[in-house]
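Asker: The structure's right below; bear with me while I get my questions together.
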Amino acid sequence: CSSLAGIMLLEVFLLLGSVIIYFLFYKKKEEETLPFKEGWWGKGQKPDAEEDTTIRPFKVETTEEELSDLYRRLDQARFTEPLENSCFHYGTNSVYLKKVVSYWKNQFNWKKQVEVLNKYPQFKTKIQGIDIHFVHVKPPCLPEGQSAKPLLMVHGWPGSFYEFYKIIPLLTDPASHGLSDEHVFEVICPSIPGYGFSEAPHKKDFNSVSAASVFYELMLRLGFSEFYTQGGDWGWLICTNLAQIAPTHVKGLHLNLASVTNMGFTHLLSILLGRYLPGLFAFQDEDVRRMFPFLKKGVYRILMESGYAHIQATKPDTVGCGLNDSPVGLAAYILEKFSTWTDPEFRSLEDGGLERRFNLDDLLTNIMIYWVSGCIVSSMRFYKENLQKGIGTQKHERLTVQVPTGIASFPNEIMHTPQAWAQKKYTNIVSFRFMARGGHFAALEEPELLAEDILQFVGKVEKEQLWRKK
């Protein structure tokens, strides 16, 4: 009787052990990849006919009517006098904004900038019911015996595909720009659906996983079964999701922003004690310098800079109505981000420091992409689609990323993520570098620094064939 009870007990333990092993290992294996999101984002019902997968050439065009309407609106702008000595602490200072508008009307040459936009080949193709716009640049020449490595680069808000125009030649022709040509890239820069010249989704729930699925389909349609991805801002999340959907196709993931949304107990403990016991939490001196005091550099900074995100994650269409109707309002809204997110100290300058890192032609070209396409409202909706269910509730937030990852950590990024934190999400970080200078819009502000970091990261992945060991 006792031996029978012993056997039954052993069976129970074996059963329990099997269940635990299943949930620890097999269940985890099942959840390692994110499901591809097959959607239909076009108008009305999805047609029965097969989707037209043609890739069509595209050029940016402008008309006299478009320009005369813009100038009329600029002429009729109403400005509010700023508070004395307020600089950019209350947002875009209207004294400086008047100067921008004067430049916009009298010196900025949109027709010339359209030629600049059209210097790289652009295309459109229908994916999941909407037209996807992308820039596709091949190397002018390749070193003997080499092939170009496809690189998908994804922008964010309030940026556009134009952010990459200064970095593209450094990646497609590195030798001509004083960089190593050991690795040469074929660069694909799409506009996120609802941004720039990509059609906006006509239905709700188009989020980062939807965008990643669309871009994955785009890369396969272009004939790339293996490729690298790079992104900051929303590009960070879209490229992260793409690595989770297709880990065997993404050779490497390079980010210039890496945020971790699932915070565990050790994260919270490191916020409390990391300043005093950095070694305990694998913090480096630079982590401590950027993060602490955490109340000032973490909590307050996020509160100061996240009001726009709350609006866009709740009622984007309301504020969007005004921005889509007023080019000056649109410029004020976007320029403020290019000021503070480039350097928080720029808040204390009357001109927001905007021309210290950028030129007005580049800033206005980005704004004009939003204006002529009328995409500001649909671009802002992306916040609601991604955040309306709450932070930490999505499946992709719980999943890790096994793809070889490189992180370029720029000092003026809105929120610093130490490698010790990033490692919990990105389990295969092969390169984490503190960049010497620069902020949120790295590709536009510091193209050489970013290009050099991408090149060294890909060099590591290729040398050790890391993607084959995922």
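Chain lettering (A, B, ...) mirrors the order of the structure tokens, residue numbering begins at 1 for each chain separately, and ligand numbering begins at 1 in order of display.
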Compile the contact shell of A:Cys141 as a ChimeraX atom specification: residues with an atom at most 9 Å away, counting only C-alpha atoms, same-chain residues fewer than 3 positions apart removed.
Answerer: /A:138,172-173
Asker: Please run DSSP on the backbone and report, as a ChimeraX atom specification, all residues within stretch 276-404 of chain A that come out as alpha helix (DSSP H).
Answerer: /A:285-291,294,301-305,307-314,316-325,327-340,354-357,360-373,376-387,395-398
Asker: Leaving out A:Met263 and any residue of its chain fewer than 6 positions from it, which residues lie within 10 Å of it when counting only C-alpha atoms, given as an mmCIF file with N, CA, C and O atoms, in the first residue's frame?
Answerer:
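Contents of the output file around_30.cif:
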data_model
loop_
_atom_site.group_PDB
_atom_site.id
_atom_site.type_symbol
_atom_site.label_atom_id
_atom_site.label_comp_id
_atom_site.auth_asym_id
_atom_site.auth_seq_id
_atom_site.Cartn_x
_atom_site.Cartn_y
_atom_site.Cartn_z
ATOM 1 N N GLY A 392 2.638 48.527 -21.072
ATOM 2 C CA GLY A 392 2.920 47.224 -20.470
ATOM 3 C C GLY A 392 1.851 46.171 -20.695
ATOM 4 O O GLY A 392 1.953 45.060 -20.176
ATOM 5 N N TRP A 421 19.492 47.866 -18.087
ATOM 6 C CA TRP A 421 18.041 47.800 -18.265
ATOM 7 C C TRP A 421 17.693 47.228 -19.629
ATOM 8 O O TRP A 421 16.820 46.379 -19.754
ATOM 9 N N LYS A 424 17.607 43.387 -20.375
ATOM 10 C CA LYS A 424 16.460 42.545 -19.982
ATOM 11 C C LYS A 424 15.515 42.327 -21.171
ATOM 12 O O LYS A 424 14.873 41.292 -21.279
#
Asker: Between A:Leu97, A:Met304, A:Ala331, A:Val114, which residue has the minimum interatomic distance to A:Glu61, considering only C-alpha atoms?
Answerer: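 Result for the nearest residue to A:Glu61: A:Val114.
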Asker: Check which residues of stretch 116-217 of chain A sit at most 12 Å from stretch 31-46 of chain A using only C-alpha atoms, and return one row each with the closest pair of atoms and their distance in Å to one decimal, ordered by chain and rising number, as CSV.
Answerer:
residue,atom,partner,partner_atom,distance
A:Lys126,CA,A:Gly42,CA,9.6
A:Ile127,CA,A:Trp40,CA,8.6
A:Gln128,CA,A:Trp40,CA,4.9
A:Gly129,CA,A:Gly42,CA,4.2
A:Ile130,CA,A:Gly42,CA,5.3
A:Asp131,CA,A:Gly42,CA,8.9
A:Ile132,CA,A:Trp41,CA,11.4
A:Pro193,CA,A:Trp41,CA,9.7
A:Gly194,CA,A:Trp41,CA,10.9
A:Glu199,CA,A:Gly42,CA,9.0
A:Ala200,CA,A:Trp41,CA,8.3
A:Pro201,CA,A:Trp41,CA,4.9
A:His202,CA,A:Trp41,CA,5.5
A:Lys203,CA,A:Trp41,CA,5.6
A:Lys204,CA,A:Trp41,CA,8.4
A:Asp205,CA,A:Trp41,CA,9.4
A:Phe206,CA,A:Trp41,CA,7.8
A:Asn207,CA,A:Lys37,CA,9.9
A:Ser208,CA,A:Lys37,CA,10.1
A:Val209,CA,A:Lys37,CA,6.7
A:Ser210,CA,A:Lys37,CA,5.6
A:Ala211,CA,A:Lys37,CA,8.8
A:Ala212,CA,A:Phe36,CA,8.4
A:Ser213,CA,A:Lys37,CA,5.7
A:Val214,CA,A:Lys37,CA,8.3
A:Phe215,CA,A:Phe36,CA,10.9
A:Tyr216,CA,A:Phe36,CA,8.9
A:Glu217,CA,A:Phe36,CA,9.7
Asker: Restricting the calculation to only C-alpha atoms, which member of A:Glu115, A:Glu305, A:Glu336, A:Glu286 is positioned closest to A:Ser94?
Answerer: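 Ranking A:Glu115, A:Glu305, A:Glu336, A:Glu286 by distance to A:Ser94, first place goes to A:Glu336.
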Asker: Please identify the strand (DSSP E or B) residues within stretch 128-262 of chain A (assignment by DSSP from backbone atoms) and present them as a ChimeraX atom specification.
Answerer: /A:130-137,149-154,185-190,227-231,250-255
Asker: Quick one: write out the picked residues with N, CA and C atoms as an mmCIF file, in the first residue's frame?
Answerer:
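Written output follows (result10.cif):
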data_model
loop_
_atom_site.group_PDB
_atom_site.id
_atom_site.type_symbol
_atom_site.label_atom_id
_atom_site.label_comp_id
_atom_site.auth_asym_id
_atom_site.auth_seq_id
_atom_site.Cartn_x
_atom_site.Cartn_y
_atom_site.Cartn_z
ATOM 1 N N ILE A 130 -3.244 49.859 -48.304
ATOM 2 C CA ILE A 130 -2.823 51.269 -48.341
ATOM 3 C C ILE A 130 -1.507 51.435 -49.106
ATOM 4 N N ASP A 131 -1.337 52.610 -49.697
ATOM 5 C CA ASP A 131 -0.127 52.928 -50.452
ATOM 6 C C ASP A 131 1.025 53.235 -49.506
ATOM 7 N N ILE A 132 2.120 52.499 -49.649
ATOM 8 C CA ILE A 132 3.301 52.709 -48.816
ATOM 9 C C ILE A 132 4.370 53.412 -49.650
ATOM 10 N N HIS A 133 4.836 54.555 -49.136
ATOM 11 C CA HIS A 133 5.884 55.335 -49.803
ATOM 12 C C HIS A 133 7.242 54.968 -49.200
ATOM 13 N N PHE A 134 8.255 54.858 -50.045
ATOM 14 C CA PHE A 134 9.604 54.587 -49.523
ATOM 15 C C PHE A 134 10.680 55.122 -50.462
ATOM 16 N N VAL A 135 11.803 55.454 -49.845
ATOM 17 C CA VAL A 135 13.015 55.836 -50.574
ATOM 18 C C VAL A 135 13.882 54.583 -50.655
ATOM 19 N N HIS A 136 14.482 54.333 -51.801
ATOM 20 C CA HIS A 136 15.313 53.133 -51.976
ATOM 21 C C HIS A 136 16.592 53.531 -52.715
ATOM 22 N N VAL A 137 17.697 53.549 -51.976
ATOM 23 C CA VAL A 137 18.969 54.022 -52.543
ATOM 24 C C VAL A 137 19.994 52.889 -52.572
ATOM 25 N N LYS A 149 24.417 45.397 -48.343
ATOM 26 C CA LYS A 149 23.583 44.841 -47.276
ATOM 27 C C LYS A 149 22.316 45.692 -47.149
ATOM 28 N N PRO A 150 21.143 45.083 -47.307
ATOM 29 C CA PRO A 150 19.918 45.866 -47.175
ATOM 30 C C PRO A 150 19.709 46.362 -45.751
ATOM 31 N N LEU A 151 19.385 47.636 -45.637
ATOM 32 C CA LEU A 151 19.166 48.272 -44.331
ATOM 33 C C LEU A 151 17.854 49.052 -44.370
ATOM 34 N N LEU A 152 16.918 48.653 -43.522
ATOM 35 C CA LEU A 152 15.646 49.355 -43.385
ATOM 36 C C LEU A 152 15.794 50.397 -42.278
ATOM 37 N N MET A 153 15.557 51.683 -42.615
ATOM 38 C CA MET A 153 15.668 52.756 -41.626
ATOM 39 C C MET A 153 14.289 53.390 -41.424
ATOM 40 N N VAL A 154 13.852 53.451 -40.164
ATOM 41 C CA VAL A 154 12.494 53.914 -39.878
ATOM 42 C C VAL A 154 12.528 55.153 -38.972
ATOM 43 N N PHE A 185 25.856 49.615 -47.789
ATOM 44 C CA PHE A 185 24.425 49.340 -47.625
ATOM 45 C C PHE A 185 23.584 49.791 -48.812
ATOM 46 N N GLU A 186 22.480 49.102 -48.939
ATOM 47 C CA GLU A 186 21.379 49.482 -49.824
ATOM 48 C C GLU A 186 20.274 49.920 -48.854
ATOM 49 N N VAL A 187 19.914 51.197 -48.880
ATOM 50 C CA VAL A 187 19.072 51.776 -47.825
ATOM 51 C C VAL A 187 17.622 51.925 -48.279
ATOM 52 N N ILE A 188 16.713 51.470 -47.437
ATOM 53 C CA ILE A 188 15.272 51.593 -47.691
ATOM 54 C C ILE A 188 14.667 52.390 -46.531
ATOM 55 N N CYS A 189 14.114 53.558 -46.850
ATOM 56 C CA CYS A 189 13.502 54.415 -45.825
ATOM 57 C C CYS A 189 12.022 54.603 -46.143
ATOM 58 N N PRO A 190 11.138 53.860 -45.516
ATOM 59 C CA PRO A 190 9.702 54.054 -45.777
ATOM 60 C C PRO A 190 9.127 55.167 -44.906
ATOM 61 N N PHE A 227 17.966 41.073 -43.735
ATOM 62 C CA PHE A 227 18.264 42.512 -43.775
ATOM 63 C C PHE A 227 18.522 43.036 -42.369
ATOM 64 N N TYR A 228 19.101 44.238 -42.312
ATOM 65 C CA TYR A 228 19.318 44.949 -41.053
ATOM 66 C C TYR A 228 18.224 45.999 -40.879
ATOM 67 N N THR A 229 17.967 46.372 -39.625
ATOM 68 C CA THR A 229 16.988 47.431 -39.370
ATOM 69 C C THR A 229 17.602 48.477 -38.439
ATOM 70 N N GLN A 230 17.143 49.713 -38.590
ATOM 71 C CA GLN A 230 17.650 50.810 -37.755
ATOM 72 C C GLN A 230 16.517 51.777 -37.454
ATOM 73 N N GLY A 231 16.439 52.252 -36.207
ATOM 74 C CA GLY A 231 15.382 53.205 -35.896
ATOM 75 C C GLY A 231 15.593 53.926 -34.579
ATOM 76 N N VAL A 250 15.751 39.167 -39.733
ATOM 77 C CA VAL A 250 16.457 40.376 -39.308
ATOM 78 C C VAL A 250 17.839 39.979 -38.793
ATOM 79 N N LYS A 251 18.870 40.364 -39.542
ATOM 80 C CA LYS A 251 20.236 39.978 -39.175
ATOM 81 C C LYS A 251 20.737 40.758 -37.960
ATOM 82 N N GLY A 252 20.290 41.999 -37.861
ATOM 83 C CA GLY A 252 20.722 42.837 -36.752
ATOM 84 C C GLY A 252 19.794 44.032 -36.603
ATOM 85 N N LEU A 253 19.654 44.483 -35.356
ATOM 86 C CA LEU A 253 18.775 45.594 -35.015
ATOM 87 C C LEU A 253 19.614 46.704 -34.399
ATOM 88 N N HIS A 254 19.636 47.884 -35.043
ATOM 89 C CA HIS A 254 20.391 49.012 -34.504
ATOM 90 C C HIS A 254 19.422 50.104 -34.081
ATOM 91 N N LEU A 255 19.589 50.596 -32.842
ATOM 92 C CA LEU A 255 18.678 51.590 -32.294
ATOM 93 C C LEU A 255 19.424 52.806 -31.767
#
Asker: I'd like the interatomic distance between atom CA of A:Asn386 and atom CA of A:Lys337, to a tenth of an Å.
Answerer: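 The value is 19.9 Å.
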Asker: Contacts between stretch 442-463 of chain A and stretch 323-402 of chain A, please, where a residue of stretch 323-402 of chain A counts if it comes within 9 Å (with only C-alpha atoms); show its shortest atom pair and distance in Å to one decimal, rows by chain and ascending number, as a tab-separated table.
Answerer:
residue	atom	partner	partner_atom	distance
A:Thr342	CA	A:Glu445	CA	8.2
A:Arg357	CA	A:Glu445	CA	6.1
A:Phe358	CA	A:Glu445	CA	6.6
A:Asp362	CA	A:Leu444	CA	8.8
Asker: Between A:Ser198, A:Ser339, A:Asn262, A:Asn241, which has the minimum distance to A:Lys124 (counting only C-alpha atoms)?
Answerer: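 Of A:Ser198, A:Ser339, A:Asn262, A:Asn241, the one nearest A:Lys124, counting only C-alpha atoms, is A:Ser198.
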Asker: Would you mind listing what lies within 12 Å of stretch 309-311 of chain A as a list in words, with only C-alpha atoms counted and same-chain residues fewer than 2 positions away left out?
Answerer: Trp157, Pro158, Ile302, Leu303, Met304, Glu305, Ser306, Gly307, Ala313, Thr314, Lys315, Pro316, Asp317, Thr318, Val319, Gly320, Lys337, Val377, Ser379, Met380, Arg381, Phe382, Tyr383, Lys384, Glu385, Asn386, Leu387, Gln388 and Gly390 of chain A
Asker: Go through A:Asn412, A:Pro418, A:Gly406, A:Thr266 and flag the residue nearest A:Leu280, using only C-alpha atoms for the distances.
Answerer: A:Thr266
